[in-house]
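Okay, protein-v1.txt is below, compact mmCIF, C-alpha atoms and all ligand atoms:
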# COMPACT_ATOMS: atom_id res chain seq x y z
CA MET R 297 -40.01 41.05 -85.03
CA LYS R 298 -42.37 44.00 -84.73
CA ILE R 299 -43.86 44.32 -81.28
CA GLN R 300 -47.66 44.23 -81.11
CA GLU R 301 -50.05 45.76 -78.57
CA GLN R 302 -51.14 42.26 -77.58
CA ASN R 303 -47.56 41.34 -76.59
CA ILE R 304 -47.48 44.32 -74.28
CA TYR R 305 -50.80 43.45 -72.62
CA GLU R 306 -49.56 39.86 -72.15
CA ALA R 307 -46.31 41.03 -70.56
CA LEU R 308 -48.34 43.18 -68.19
CA GLN R 309 -51.08 40.69 -67.33
CA ASP R 310 -49.64 39.58 -63.99
CA ILE R 311 -48.89 43.17 -63.00
CA VAL R 312 -51.88 45.24 -64.18
CA PRO R 313 -55.18 44.14 -65.71
CA GLN R 314 -55.63 45.22 -69.33
CA ASP R 315 -58.49 47.63 -68.58
CA ARG R 316 -56.10 49.58 -66.34
CA VAL R 317 -53.64 50.14 -69.19
CA GLN R 318 -54.54 53.22 -71.20
CA GLY R 319 -53.16 55.22 -74.11
CA LEU R 320 -50.86 52.42 -75.24
CA HIS R 321 -48.72 53.65 -78.09
CA ILE R 322 -45.88 51.91 -79.93
CA ASP R 323 -43.90 54.00 -82.39
CA GLY R 324 -41.99 52.84 -85.47
CA GLN R 325 -38.84 52.18 -83.38
CA GLY R 326 -40.62 49.99 -80.85
CA ASN R 327 -40.69 52.70 -78.16
CA VAL R 328 -43.66 52.12 -75.92
CA LEU R 329 -45.77 54.64 -73.99
CA PHE R 330 -48.75 53.84 -71.76
CA SER R 331 -50.58 54.96 -68.61
CA ILE R 332 -51.55 52.75 -65.68
CA VAL R 333 -54.84 53.85 -64.23
CA ILE R 334 -55.08 53.68 -60.47
CA ASP R 335 -57.68 55.27 -58.26
CA SER R 336 -56.66 58.47 -56.58
CA ALA R 337 -57.07 57.10 -53.03
CA GLN R 338 -54.64 54.27 -53.88
CA LYS R 339 -52.15 56.73 -55.22
CA ASN R 340 -52.20 58.95 -52.14
CA GLN R 341 -52.08 56.15 -49.59
CA GLN R 342 -49.56 53.88 -51.21
CA GLY R 343 -47.35 56.18 -53.26
CA THR R 344 -44.25 53.96 -53.11
CA LYS R 345 -46.16 50.78 -53.79
CA MET R 346 -47.65 52.30 -56.89
CA GLU R 347 -44.24 53.53 -58.02
CA ASP R 348 -42.93 49.95 -57.59
CA LEU R 349 -45.80 48.76 -59.76
CA ARG R 350 -44.99 51.35 -62.40
CA GLN R 351 -41.32 50.34 -62.48
CA LYS R 352 -42.22 46.64 -62.59
CA ALA R 353 -44.56 47.28 -65.53
CA GLU R 354 -41.86 49.25 -67.35
CA SER R 355 -39.23 46.58 -66.88
CA SER R 356 -41.43 43.67 -67.91
CA VAL R 357 -42.28 45.44 -71.19
CA TYR R 358 -38.66 46.47 -71.59
CA GLY R 359 -37.71 42.78 -71.47
CA LEU R 360 -39.68 42.01 -74.65
CA GLN R 361 -37.89 41.52 -77.90
CA GLY R 362 -38.22 44.46 -80.32
CA VAL R 363 -38.98 47.01 -77.59
CA GLY R 364 -36.94 50.22 -77.43
CA LYS R 365 -37.66 52.71 -74.66
CA VAL R 366 -40.56 52.18 -72.29
CA THR R 367 -42.45 54.89 -70.41
CA ALA R 368 -45.29 54.08 -68.06
CA ILE R 369 -47.04 56.76 -66.06
CA LEU R 370 -49.47 56.45 -63.18
CA THR R 371 -52.77 58.14 -63.83
CA ALA R 372 -55.15 58.62 -60.95
CA GLU R 373 -58.70 58.16 -62.14
CA LYS R 374 -62.17 57.63 -60.84
CA PRO R 375 -64.34 56.18 -63.59
CA ALA R 376 -67.06 58.30 -65.21
CA GLN R 377 -66.30 61.67 -63.80
CA ALA R 378 -65.84 65.09 -65.28
CA ASP R 379 -62.05 64.73 -65.22
CA PRO R 380 -61.70 61.55 -67.30
CA HIS R 381 -57.93 61.13 -66.99
CA GLY R 382 -57.79 62.07 -63.34
CA MET R 383 -55.42 64.84 -64.32
CA GLY R 384 -56.63 67.21 -61.65
CA LYS R 385 -55.94 64.57 -58.97
CA ASN R 386 -52.32 63.83 -59.82
CA PRO R 387 -49.81 65.79 -57.81
CA LYS R 388 -47.75 68.34 -59.70
CA LEU R 389 -44.35 67.30 -60.98
CA LYS R 390 -41.40 68.64 -59.01
CA LEU R 391 -38.70 69.52 -61.50
CA PRO R 392 -35.16 70.83 -60.90
CA ILE R 393 -36.09 74.08 -62.65
CA LYS R 394 -36.40 77.51 -61.03
CA LYS R 395 -38.72 79.25 -63.51
CA ILE R 396 -40.93 77.86 -66.26
CA ILE R 397 -42.22 80.01 -69.11
CA ALA R 398 -44.70 78.74 -71.70
CA VAL R 399 -44.85 80.31 -75.16
CA ALA R 400 -48.30 79.97 -76.67
CA SER R 401 -50.33 81.16 -79.64
CA GLY R 402 -53.97 80.92 -80.61
CA LYS R 403 -53.17 79.63 -84.09
CA GLY R 404 -50.27 78.12 -86.02
CA GLY R 405 -47.86 79.96 -88.29
CA VAL R 406 -47.69 83.18 -86.27
CA GLY R 407 -44.00 82.65 -85.46
CA LYS R 408 -44.44 81.19 -81.96
CA SER R 409 -41.57 78.69 -82.28
CA THR R 410 -39.24 81.30 -83.77
CA VAL R 411 -40.06 83.57 -80.82
CA ALA R 412 -39.54 80.70 -78.32
CA VAL R 413 -36.07 79.83 -79.69
CA ASN R 414 -34.84 83.40 -80.00
CA LEU R 415 -36.20 84.43 -76.59
CA ALA R 416 -34.69 81.38 -74.89
CA ALA R 417 -31.32 82.17 -76.49
CA ALA R 418 -31.59 85.82 -75.43
CA LEU R 419 -32.39 84.72 -71.86
CA ALA R 420 -29.33 82.41 -71.87
CA LYS R 421 -27.04 85.21 -73.08
CA GLY R 422 -26.89 86.77 -69.62
CA GLY R 423 -25.31 83.56 -68.24
CA LYS R 424 -28.46 81.83 -67.08
CA GLY R 425 -28.89 78.09 -67.57
CA VAL R 426 -31.81 77.86 -69.99
CA GLY R 427 -33.65 74.87 -71.44
CA LEU R 428 -36.00 74.82 -74.40
CA LEU R 429 -38.74 72.21 -74.56
CA ASP R 430 -40.58 71.83 -77.84
CA ALA R 431 -43.95 70.45 -76.77
CA ASP R 432 -45.55 71.19 -80.14
CA ILE R 433 -46.66 67.61 -80.69
CA TYR R 434 -48.50 68.50 -83.90
CA GLY R 435 -45.58 70.16 -85.66
CA PRO R 436 -42.32 70.18 -83.71
CA SER R 437 -40.11 72.72 -85.45
CA VAL R 438 -37.47 73.39 -82.80
CA PRO R 439 -35.01 70.81 -84.25
CA ARG R 440 -35.09 72.71 -87.57
CA LEU R 441 -34.92 76.13 -85.88
CA THR R 442 -31.89 75.10 -83.83
CA GLY R 443 -30.17 73.21 -86.64
CA LEU R 444 -30.42 69.96 -84.65
CA PRO R 445 -31.17 66.63 -86.35
CA TYR R 446 -34.49 64.86 -85.86
CA LYS R 447 -32.88 61.96 -84.00
CA LYS R 448 -33.26 60.24 -80.64
CA PRO R 449 -31.27 61.67 -77.74
CA ASN R 450 -28.96 59.44 -75.67
CA MET R 451 -29.93 58.37 -72.19
CA THR R 452 -28.19 58.54 -68.83
CA GLU R 453 -27.67 55.36 -66.81
CA ASP R 454 -30.89 55.95 -64.95
CA LYS R 455 -32.78 56.26 -68.25
CA GLN R 456 -33.09 60.03 -68.37
CA LEU R 457 -33.05 61.55 -71.86
CA ILE R 458 -30.04 63.79 -72.37
CA PRO R 459 -31.09 67.07 -74.01
CA PHE R 460 -29.15 68.29 -77.04
CA GLU R 461 -27.27 71.59 -76.92
CA ALA R 462 -27.75 74.48 -79.35
CA HIS R 463 -27.45 78.28 -79.11
CA GLY R 464 -26.33 77.88 -75.48
CA LEU R 465 -29.57 76.03 -74.63
CA LYS R 466 -30.47 72.53 -73.51
CA VAL R 467 -32.95 71.43 -76.12
CA MET R 468 -35.57 68.66 -76.05
CA SER R 469 -38.26 68.20 -78.66
CA ILE R 470 -41.04 65.74 -79.29
CA GLY R 471 -39.56 65.84 -82.82
CA PHE R 472 -36.56 63.85 -81.53
CA MET R 473 -38.82 61.12 -80.21
CA VAL R 474 -41.31 60.42 -82.98
CA ASP R 475 -40.77 59.31 -86.54
CA GLN R 476 -41.02 62.39 -88.78
CA ASN R 477 -42.43 60.41 -91.69
CA THR R 478 -45.25 58.76 -89.76
CA PRO R 479 -47.98 61.22 -88.88
CA MET R 480 -49.18 60.60 -85.35
CA ILE R 481 -52.74 60.67 -84.19
CA TRP R 482 -52.62 61.96 -80.67
CA ARG R 483 -55.35 60.91 -78.28
CA GLY R 484 -55.83 62.59 -74.89
CA PRO R 485 -53.92 60.14 -72.66
CA MET R 486 -51.07 59.88 -75.19
CA VAL R 487 -50.60 63.62 -75.18
CA GLN R 488 -50.43 63.55 -71.41
CA THR R 489 -47.93 60.67 -71.45
CA ALA R 490 -45.68 62.31 -74.03
CA ILE R 491 -45.67 65.69 -72.25
CA TYR R 492 -44.99 63.96 -68.95
CA GLN R 493 -42.06 62.08 -70.41
CA MET R 494 -40.51 65.23 -71.81
CA LEU R 495 -40.76 66.99 -68.48
CA ARG R 496 -40.05 64.22 -66.00
CA ASP R 497 -37.71 61.91 -67.91
CA VAL R 498 -35.28 64.51 -69.24
CA ASP R 499 -31.97 65.21 -67.57
CA TRP R 500 -32.60 68.98 -67.44
CA ALA R 501 -30.51 69.57 -64.32
CA SER R 502 -29.91 68.28 -60.81
CA GLU R 503 -31.58 69.25 -57.57
CA GLU R 504 -28.26 70.70 -56.34
CA LYS R 505 -27.84 72.82 -59.47
CA PRO R 506 -31.27 73.45 -60.97
CA LEU R 507 -31.90 74.94 -64.39
CA ASP R 508 -32.63 78.68 -64.15
CA ILE R 509 -35.34 78.84 -66.81
CA LEU R 510 -37.22 76.38 -68.99
CA VAL R 511 -38.98 77.83 -72.03
CA ILE R 512 -41.76 75.58 -73.33
CA ASP R 513 -42.90 75.94 -76.93
CA LEU R 514 -46.56 74.87 -76.72
CA PRO R 515 -48.63 73.64 -79.64
CA PRO R 516 -50.96 76.32 -81.07
CA GLY R 517 -54.49 76.52 -79.68
CA THR R 518 -55.98 75.40 -76.40
CA GLY R 519 -55.94 71.58 -76.26
CA ASP R 520 -54.75 68.63 -74.16
CA ALA R 521 -51.06 69.60 -74.20
CA GLN R 522 -51.75 73.05 -72.76
CA LEU R 523 -54.05 71.55 -70.15
CA THR R 524 -51.53 68.89 -69.12
CA ILE R 525 -48.81 71.49 -68.71
CA ALA R 526 -51.05 73.87 -66.79
CA GLN R 527 -52.12 71.06 -64.45
CA LYS R 528 -48.89 69.09 -64.06
CA ILE R 529 -46.30 71.77 -63.45
CA ASP R 530 -46.18 75.21 -61.91
CA VAL R 531 -45.84 77.51 -64.91
CA ASP R 532 -44.48 80.86 -63.75
CA GLY R 533 -45.76 82.71 -66.76
CA ALA R 534 -47.20 82.36 -70.23
CA ILE R 535 -46.33 84.49 -73.23
CA ILE R 536 -48.81 84.72 -76.07
CA VAL R 537 -47.57 85.42 -79.57
CA SER R 538 -49.92 86.86 -82.16
CA THR R 539 -49.71 88.58 -85.50
CA PRO R 540 -51.72 91.80 -85.76
CA GLN R 541 -54.44 90.31 -88.02
CA ASP R 542 -57.92 90.12 -86.53
CA LEU R 543 -58.22 86.34 -86.90
CA ALA R 544 -54.96 85.61 -85.11
CA LEU R 545 -55.96 88.04 -82.41
CA ILE R 546 -59.34 86.39 -81.84
CA ASP R 547 -57.54 83.08 -81.24
CA ALA R 548 -54.95 84.75 -79.03
CA VAL R 549 -57.79 86.01 -76.84
CA LYS R 550 -58.96 82.40 -76.42
CA ALA R 551 -55.45 81.50 -75.25
CA ILE R 552 -55.59 84.35 -72.69
CA GLU R 553 -58.89 82.99 -71.41
CA MET R 554 -57.50 79.46 -71.15
CA PHE R 555 -54.54 80.61 -69.04
CA ASN R 556 -56.83 82.67 -66.85
CA LYS R 557 -59.05 79.64 -66.28
CA THR R 558 -56.12 77.35 -65.44
CA ASN R 559 -54.55 79.98 -63.13
CA VAL R 560 -51.36 80.35 -65.17
CA PRO R 561 -50.09 83.93 -64.84
CA ILE R 562 -49.75 85.71 -68.19
CA LEU R 563 -46.43 87.51 -68.64
CA GLY R 564 -47.72 89.33 -71.68
CA LEU R 565 -48.48 89.52 -75.38
CA ILE R 566 -45.95 89.78 -78.19
CA GLU R 567 -46.82 91.17 -81.61
CA ASN R 568 -44.92 89.21 -84.27
CA MET R 569 -44.61 90.07 -87.96
CA SER R 570 -45.51 93.58 -86.95
CA THR R 571 -44.03 96.31 -89.13
CA HIS R 572 -42.49 95.24 -92.42
CA ILE R 573 -39.04 96.73 -92.91
CA CYS R 574 -37.97 96.72 -96.55
CA SER R 575 -34.61 94.99 -96.84
CA ASN R 576 -33.62 97.35 -99.68
CA CYS R 577 -34.62 100.81 -98.53
CA GLY R 578 -35.45 100.33 -94.83
CA HIS R 579 -38.98 101.72 -95.36
CA GLU R 580 -41.45 100.66 -92.64
CA ASP R 581 -44.88 99.41 -93.60
CA HIS R 582 -47.73 98.29 -91.31
CA ILE R 583 -49.07 95.54 -93.54
CA PHE R 584 -51.46 94.06 -91.00
CA GLY R 585 -52.33 97.28 -89.20
CA SER R 586 -50.54 98.69 -86.20
CA GLY R 587 -50.99 98.71 -82.46
CA THR R 588 -53.77 96.07 -82.47
CA ILE R 589 -52.00 93.73 -80.03
CA GLU R 590 -51.02 96.54 -77.68
CA THR R 591 -54.60 97.80 -77.65
CA GLU R 592 -55.93 94.29 -76.97
CA ALA R 593 -53.39 93.78 -74.17
CA LYS R 594 -54.63 96.97 -72.47
CA LYS R 595 -58.23 95.90 -72.91
CA ARG R 596 -57.55 92.51 -71.31
CA ASP R 597 -55.34 93.96 -68.61
CA VAL R 598 -52.26 91.95 -69.60
CA SER R 599 -48.79 93.35 -70.31
CA TYR R 600 -47.65 94.16 -73.79
CA LEU R 601 -44.09 92.87 -74.17
CA GLY R 602 -43.24 94.36 -77.54
CA ALA R 603 -43.23 93.85 -81.30
CA ILE R 604 -41.00 91.87 -83.61
CA PRO R 605 -40.81 93.18 -87.19
CA LEU R 606 -41.62 91.11 -90.26
CA GLU R 607 -38.17 90.73 -91.74
CA SER R 608 -36.89 88.37 -94.38
CA SER R 609 -33.64 87.93 -92.40
CA ILE R 610 -35.64 86.49 -89.47
CA ARG R 611 -37.20 83.88 -91.74
CA GLU R 612 -33.94 83.08 -93.52
CA ASN R 613 -31.96 82.69 -90.30
CA SER R 614 -34.58 80.68 -88.46
CA ASP R 615 -35.13 78.36 -91.39
CA ALA R 616 -31.36 77.81 -91.52
CA GLY R 617 -31.21 76.89 -87.82
CA LYS R 618 -29.63 80.20 -86.80
CA LEU R 619 -30.65 82.88 -84.34
CA SER R 620 -32.22 85.93 -85.91
CA GLY R 621 -29.95 88.49 -84.26
CA ASN R 622 -32.87 90.93 -84.00
CA LEU R 623 -32.62 93.21 -80.96
CA ALA R 624 -36.37 93.04 -80.34
CA TYR R 625 -35.92 89.57 -78.81
CA GLU R 626 -33.35 90.87 -76.33
CA GLU R 627 -35.53 93.79 -75.32
CA ILE R 628 -38.46 91.46 -74.72
CA SER R 629 -36.29 88.97 -72.82
CA SER R 630 -35.14 91.70 -70.39
CA LYS R 631 -38.78 92.58 -69.73
CA ILE R 632 -39.53 88.91 -69.07
CA LEU R 633 -36.58 88.60 -66.70
CA SER R 634 -37.65 91.61 -64.70
CA SER R 635 -41.23 90.45 -64.40
CA LEU R 636 -40.08 86.95 -63.33
CA HIS R 637 -37.82 88.63 -60.79
CA GLY R 638 -40.72 90.58 -59.40
CA GLN R 639 -42.79 87.45 -58.75
P1 LIG L 701 -45.43 78.78 -85.41
O1 LIG L 701 -44.56 78.18 -84.38
O2 LIG L 701 -46.34 79.85 -84.86
O3 LIG L 701 -46.17 77.80 -86.26
P2 LIG L 701 -42.93 79.45 -86.80
O4 LIG L 701 -42.11 80.01 -85.71
O5 LIG L 701 -42.66 78.06 -87.26
O6 LIG L 701 -44.50 79.60 -86.45
O7 LIG L 701 -42.87 80.48 -88.00
C1 LIG L 701 -43.58 80.30 -89.20
C2 LIG L 701 -42.75 80.89 -90.36
O8 LIG L 701 -42.68 82.30 -90.20
C3 LIG L 701 -41.30 80.39 -90.38
O9 LIG L 701 -40.90 80.21 -91.70
C4 LIG L 701 -40.52 81.54 -89.74
O10 LIG L 701 -39.20 81.62 -90.23
C5 LIG L 701 -41.32 82.75 -90.19
N1 LIG L 701 -41.24 83.88 -89.24
C6 LIG L 701 -41.50 83.89 -87.92
N2 LIG L 701 -41.35 85.13 -87.41
C7 LIG L 701 -40.99 85.93 -88.42
C8 LIG L 701 -40.69 87.34 -88.56
N3 LIG L 701 -40.77 88.14 -87.50
N4 LIG L 701 -40.34 87.80 -89.78
C9 LIG L 701 -40.29 86.98 -90.86
N5 LIG L 701 -40.56 85.67 -90.82
C10 LIG L 701 -40.92 85.14 -89.63

Could the structure of this file be written out as structure tokens, please?
Ligand code: ADP
Amino acid sequence: MKIQEQNIYEALQDIVPQDRVQGLHIDGQGNVLFSIVIDSAQKNQQGTKMEDLRQKAESSVYGLQGVGKVTAILTAEKPAQADPHGMGKNPKLKLPIKKIIAVASGKGGVGKSTVAVNLAAALAKGGKGVGLLDADIYGPSVPRLTGLPYKKPNMTEDKQLIPFEAHGLKVMSIGFMVDQNTPMIWRGPMVQTAIYQMLRDVDWASEEKPLDILVIDLPPGTGDAQLTIAQKIDVDGAIIVSTPQDLALIDAVKAIEMFNKTNVPILGLIENMSTHICSNCGHEDHIFGSGTIETEAKKRDVSYLGAIPLESSIRENSDAGKLSGNLAYEEISSKILSSLHGQ
């Protein structure tokens, strides 16, 4: 039997009134996500009580036939205010992770995910424990780039998702959680819930032995996912990937402004698909112009981390789930490590 929204509301009726349940989403496998809205004063005064309520709500939905995984989150909210999901009021998540880096871009298709995977792998090469979180809810490509299947991860006894392993990284992707053939329409609270789940409910590491670095592949642009991440966790630095074309750059500048507004430090800009190197003769060609990203970085007073050439081997390897092997990623990763060190 396919589980319906009404069944969920009924299961919750003695625990939370229906108008306090928001962003209810049931996927094709019967996995259920929703937020329980509580007012911020309640949350601060009665933290444990509210956590009991959350767990009770999760287990009563979990008991229904046809339900897979259940994730409920507490959302502090005062009705009709400028911060409609109470996101600014919720305390930040404390994760067993030492440093968090977000990889962003103003627009899609600039090679952000390819950069995220190859940089994370380069960071892990030096012996650090590195995780890669694909938070690109609109087009998760990390499973393909790491050669991992689009399938659900296993869970630990205490219901933590166990990340997959690839290229020496712990990998989690929204692509493992949602049905690839069913396009999802993401509404604000659902984005928040999904991002929360991938941060909080994943067995990244333990408090005794935290993960050294988590690299987050953000969706392109400046939407709810970016905002949730900026507000819910302490991001140590954002990297913005852009191609040298004017249009990509204009969007990259918007991303810079978003991070500045949300107080996320910017580690720097990366120019991707920079010089074209001919695979036959090795001739270098600046198809989209040269130095535009470096010039913009100077203008905006952010660091320029380097350029990655436009090379057919990068596309072939990444599309086959392999690392690109290009040295540019390693050079950029050392710069990132030293600037994280200096923080
Ligand atoms: P985004 O995450 O920005 O949407 P992807 O990382 O998915 O972009 O890359 C888009 C396409 O461009 C992929 O086919 C990828 O293999 C290719 N690509 C990325 N970087 C390079 C590069 N430096 N040279 C050649 N192809 C690249």

Quiz item: Can you tell me which residues sit at most 8 Å away from ligand LIG 701 (chain L), counting only C-alpha atoms and all ligand atoms, written as a PyMOL selection string?
Solution: chain R and resi 401+403-412+435+437+513+515-516+537+568-570+604-615

Practice problem: Work out how far apart atom CA of R:Leu563 and atom CA of R:Lys390 are and give it in Å to one decimal. | Solution: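 Taking atom CA of R:Leu563 and atom CA of R:Lys390, their separation equals 21.8 Å.
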
Exercise. Just the residues within 10 Å of R:Leu415, please, counting all atoms listed in the file, with nothing from its chain fewer than 5 positions along; format it as an MDAnalysis selection string.
Key: chainID R and resid 399 409:410 420:421 428 511 619 624:630 632

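Compared by their closest atoms to R:Gly464, and using all atoms listed in the file, the residues R:Leu329, R:Met486, R:Ile491, R:Val413 rank with R:Val413 nearest.
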
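You will find atom CA of R:Leu429 at 9.9 Å from atom CA of R:Trp500.
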
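Rounded to one decimal, atom CA of R:Val467 and atom CA of R:Ile552 lie 26.3 Å from each other.
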
Exercise. Please tell me which residues are no farther than 8 Å from (-51.5, 68.6, -74.5) in the file, counting only C-alpha atoms, and write them as a list of chain:residue names.
Key: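 Taken together, the residues in range are R:Ile433, R:Gly484, R:Val487, R:Gln488, R:Ile491, R:Pro515, R:Gly519, R:Asp520, R:Ala521, R:Gln522, R:Leu523, R:Thr524, R:Ile525.
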
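For R:Asp581, the residues within 9 Å (counting only C-alpha atoms, excluding itself and residues fewer than 4 positions away along the chain) are Ser570, Thr571, His572, Ile573, Cys574 and Gly585 of chain R.
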
Quiz item: Hey, which of R:Glu306, R:Asp530, R:Glu461, R:Glu592 ends up closest to R:Val438? Count all atoms listed in the file.
Solution: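 Between R:Glu306, R:Asp530, R:Glu461, R:Glu592, the residue approaching R:Val438 most closely is R:Glu461.
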
Quiz item: So which one's closest to R:Asp454, R:Leu320, R:Val498, R:Tyr434, R:Gln493? Using all atoms listed in the file, please.
Solution: R:Val498

Self-check item: Test item: residues at most 6 Å from stretch 468-475 of chain R, only C-alpha atoms, excluding those fewer than 4 positions along its chain, as number ranges by chain
Solution: R: 429-430, 436, 446-448, 459

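Ranking R:Ser634, R:Thr558, R:Asn576, R:Gln361 by their shortest atom-to-atom distance to R:Val531, with all atoms listed in the file included, puts R:Thr558 first.
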
Exercise. For R:Gly423, list every protein, DNA or RNA residue within 12 Å, evaluated using only C-alpha atoms, and leave out those in the same chain fewer than 6 positions away; present the list as a PyMOL selection string.
Key: chain R and resi 416-417+464-465+507-509

Practice problem: Kindly indicate which residue among R:Pro449, R:Gly617, R:Pro540, R:Gly324 lies nearest to R:Ile589, using only C-alpha atoms for the distances. | Solution: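 Residue with the minimum atom-to-atom distance to R:Ile589: R:Pro540.
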
Output: stretch 618-631 of chain R of the preceding structure, restricted to N, CA, C and O atoms, written as a PDB file, in the first residue's frame.
ATOM      1  N   LYS R 618      36.189   8.772 -12.847  1.00  0.00           N
ATOM      2  CA  LYS R 618      37.599   8.735 -12.404  1.00  0.00           C
ATOM      3  C   LYS R 618      38.090  10.132 -12.051  1.00  0.00           C
ATOM      4  O   LYS R 618      37.513  11.130 -12.509  1.00  0.00           O
ATOM      5  N   LEU R 619      39.203  10.182 -11.328  1.00  0.00           N
ATOM      6  CA  LEU R 619      39.809  11.486 -11.046  1.00  0.00           C
ATOM      7  C   LEU R 619      40.511  11.977 -12.302  1.00  0.00           C
ATOM      8  O   LEU R 619      40.932  11.178 -13.133  1.00  0.00           O
ATOM      9  N   SER R 620      40.674  13.296 -12.413  1.00  0.00           N
ATOM     10  CA  SER R 620      41.220  13.803 -13.668  1.00  0.00           C
ATOM     11  C   SER R 620      42.733  13.659 -13.754  1.00  0.00           C
ATOM     12  O   SER R 620      43.297  13.622 -14.829  1.00  0.00           O
ATOM     13  N   GLY R 621      43.394  13.616 -12.595  1.00  0.00           N
ATOM     14  CA  GLY R 621      44.849  13.493 -12.604  1.00  0.00           C
ATOM     15  C   GLY R 621      45.557  14.795 -12.952  1.00  0.00           C
ATOM     16  O   GLY R 621      46.768  14.849 -13.032  1.00  0.00           O
ATOM     17  N   ASN R 622      44.795  15.904 -13.121  1.00  0.00           N
ATOM     18  CA  ASN R 622      45.431  17.164 -13.483  1.00  0.00           C
ATOM     19  C   ASN R 622      46.087  17.807 -12.254  1.00  0.00           C
ATOM     20  O   ASN R 622      45.472  17.887 -11.183  1.00  0.00           O
ATOM     21  N   LEU R 623      47.318  18.252 -12.429  1.00  0.00           N
ATOM     22  CA  LEU R 623      48.072  18.800 -11.293  1.00  0.00           C
ATOM     23  C   LEU R 623      47.474  20.086 -10.733  1.00  0.00           C
ATOM     24  O   LEU R 623      47.692  20.430  -9.560  1.00  0.00           O
ATOM     25  N   ALA R 624      46.713  20.795 -11.580  1.00  0.00           N
ATOM     26  CA  ALA R 624      46.128  22.063 -11.135  1.00  0.00           C
ATOM     27  C   ALA R 624      45.303  21.862  -9.857  1.00  0.00           C
ATOM     28  O   ALA R 624      45.322  22.707  -8.954  1.00  0.00           O
ATOM     29  N   TYR R 625      44.602  20.740  -9.754  1.00  0.00           N
ATOM     30  CA  TYR R 625      43.777  20.500  -8.559  1.00  0.00           C
ATOM     31  C   TYR R 625      44.647  20.390  -7.305  1.00  0.00           C
ATOM     32  O   TYR R 625      44.275  20.848  -6.235  1.00  0.00           O
ATOM     33  N   GLU R 626      45.811  19.740  -7.476  1.00  0.00           N
ATOM     34  CA  GLU R 626      46.685  19.574  -6.302  1.00  0.00           C
ATOM     35  C   GLU R 626      47.274  20.904  -5.866  1.00  0.00           C
ATOM     36  O   GLU R 626      47.377  21.193  -4.676  1.00  0.00           O
ATOM     37  N   GLU R 627      47.642  21.716  -6.867  1.00  0.00           N
ATOM     38  CA  GLU R 627      48.205  23.030  -6.520  1.00  0.00           C
ATOM     39  C   GLU R 627      47.166  23.863  -5.768  1.00  0.00           C
ATOM     40  O   GLU R 627      47.461  24.494  -4.757  1.00  0.00           O
ATOM     41  N   ILE R 628      45.932  23.809  -6.266  1.00  0.00           N
ATOM     42  CA  ILE R 628      44.875  24.602  -5.613  1.00  0.00           C
ATOM     43  C   ILE R 628      44.588  24.040  -4.223  1.00  0.00           C
ATOM     44  O   ILE R 628      44.393  24.785  -3.270  1.00  0.00           O
ATOM     45  N   SER R 629      44.607  22.701  -4.093  1.00  0.00           N
ATOM     46  CA  SER R 629      44.298  22.123  -2.781  1.00  0.00           C
ATOM     47  C   SER R 629      45.361  22.507  -1.745  1.00  0.00           C
ATOM     48  O   SER R 629      45.041  22.720  -0.578  1.00  0.00           O
ATOM     49  N   SER R 630      46.646  22.624  -2.172  1.00  0.00           N
ATOM     50  CA  SER R 630      47.656  23.047  -1.180  1.00  0.00           C
ATOM     51  C   SER R 630      47.394  24.473  -0.737  1.00  0.00           C
ATOM     52  O   SER R 630      47.562  24.811   0.445  1.00  0.00           O
ATOM     53  N   LYS R 631      46.955  25.319  -1.685  1.00  0.00           N
ATOM     54  CA  LYS R 631      46.649  26.707  -1.291  1.00  0.00           C
ATOM     55  C   LYS R 631      45.506  26.728  -0.285  1.00  0.00           C
ATOM     56  O   LYS R 631      45.524  27.490   0.683  1.00  0.00           O
TER      57      LYS R 631
END
